[in-house]
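Presented below is the structure to which this report refers.
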Amino acid sequence: MSDHENLEELLAEEERLQFERFDNDTALELGQFILAAARRRGISVTIDVTRGEQQIFHAALAGTSADNDAWVQRKARAVRRFGHSSWYLGCLARAKGYDFHQKFLLDPAEFAPAGGSYPIAVRGTGLVGTVTVSGLPQKEDHIFLTEVLAEFLAGAG
């Protein structure tokens with residue numbers, strides 16, 4: 001399936017993966033849940049959860065580096081600016097045939113439309129934060145994050 005065919009599915013996924021409420025305790029629980037899932041799967045990622053502009057949770061597993069911290073910030077900045085997952089933003093740019101950074105006059109050192117950051121949205125409220133992972137190829141970052149986010153929202157967390 002091409003990125004273009006996934007756009008509607010990615011938007012539907014964003015609609016499904018919303019919170020009923022989100023506070024600092026929820027952010028901490030989500031971060032710990034993602035950390036445990038990464039350890040179970042044996043993957044090396046950096047994990048970041050924000051509420052508004054405040055970083056609530058941050059962890060870097062062995063095998064990651066400060067470069068992953070920079071990717072986290074760049075991907076999360078794109079999500080905060082556009083309100084969609086960083087993977088969706090990159091897929092949309094590829095499907096529509098434009099350069100993300102040129103179209104929106106954004107510095108590539110500051111914004112990354114690369115998979116791994118997701119909007120934390122509260123139903124009826126909208127965007128309240130971001131959850132981001134970095135360490136896998138970008139599509140795998142997105143898949144890991146959305147799978148774990150779905151488990152968390154289903155009450156497994």
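Chain labels A, B, ... are given in the sequence in which chains occur in the structure tokens; within each chain residues are numbered consecutively from 1, and ligands are likewise numbered from 1 in the order shown.
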
Which stretch 10-30 of chain A residues have any atom within 8 Å of an atom of stretch 120-140 of chain A, and for each, what is the nearest pair of atoms with distance in Å to one decimal, counting only C-alpha atoms, rows sorted by chain and number, as a Markdown table?
| residue | atom | partner | partner_atom | distance |
| --- | --- | --- | --- | --- |
| A:Leu17 | CA | A:Ala121 | CA | 8.0 |
| A:Gln18 | CA | A:Ala121 | CA | 5.2 |
| A:Phe19 | CA | A:Val122 | CA | 4.6 |
| A:Glu20 | CA | A:Val122 | CA | 5.5 |
| A:Arg21 | CA | A:Val122 | CA | 5.8 |
| A:Phe22 | CA | A:Val122 | CA | 6.8 |

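For stretch 111-113 of chain A, the list of residues within 6 Å, based on only C-alpha atoms and with local chain neighbours fewer than 4 positions off taken out, reads Arg74, Lys75, Arg77, Ala78, Ser86, Leu89 and Gly90 of chain A.
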
Figure out the distance between atom CA of A:Leu10 and atom CA of A:Gly63, please, to one decimal in Å.
29.1 Å

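Take the candidates A:Phe82, A:Phe57, A:Tyr118, A:Phe33 and check each one against A:His142 using only C-alpha atoms; the shortest distance goes to A:Tyr118.
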
Taking the chain letters and numbering used in this document, name the residues of stretch 16-147 of chain A that DSSP puts in strand (DSSP E), as a PyMOL selection string.
chain A and resi 46-51+54-60+117-122+126-134

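Between A:Leu153 and the residues A:Glu110, A:Glu29, A:Asp48, A:Asp69, the shortest atom-to-atom distance, using only C-alpha atoms, involves A:Glu29.
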
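Each of A:Ser85, A:Ser117, A:Gln54, A:Thr46 was checked against A:Asp67 using only C-alpha atoms; the smallest atom-to-atom distance is that of A:Thr46.
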
For the alpha helix (DSSP H) assignment from backbone DSSP, which residues of stretch 22-66 of chain A qualify? Please present them as number ranges by chain.
A: 24-41, 66

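Minimum atom-to-atom distance to A:Asp23, evaluated using only C-alpha atoms, belongs to A:Thr50 out of A:Gln102, A:Thr50, A:Ser44, A:Asn6.
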
As an exercise, work out the distance from atom CA of A:Cys91 to atom CA of A:Ser65 in Å and give it to one decimal place.
26.0 Å

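Once A:Ala37 and its same-chain neighbours fewer than 3 positions away are set aside, Gly31, Gln32, Phe33, Ile34, Arg40, Arg41, Gly42, Ile43, Phe144, Leu145, Glu147 and Val148 of chain A remain within 10 Å of it when counting only C-alpha atoms.
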
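Note that atom CA of A:Arg39 and atom CA of A:Gln73 are 22.2 Å apart.
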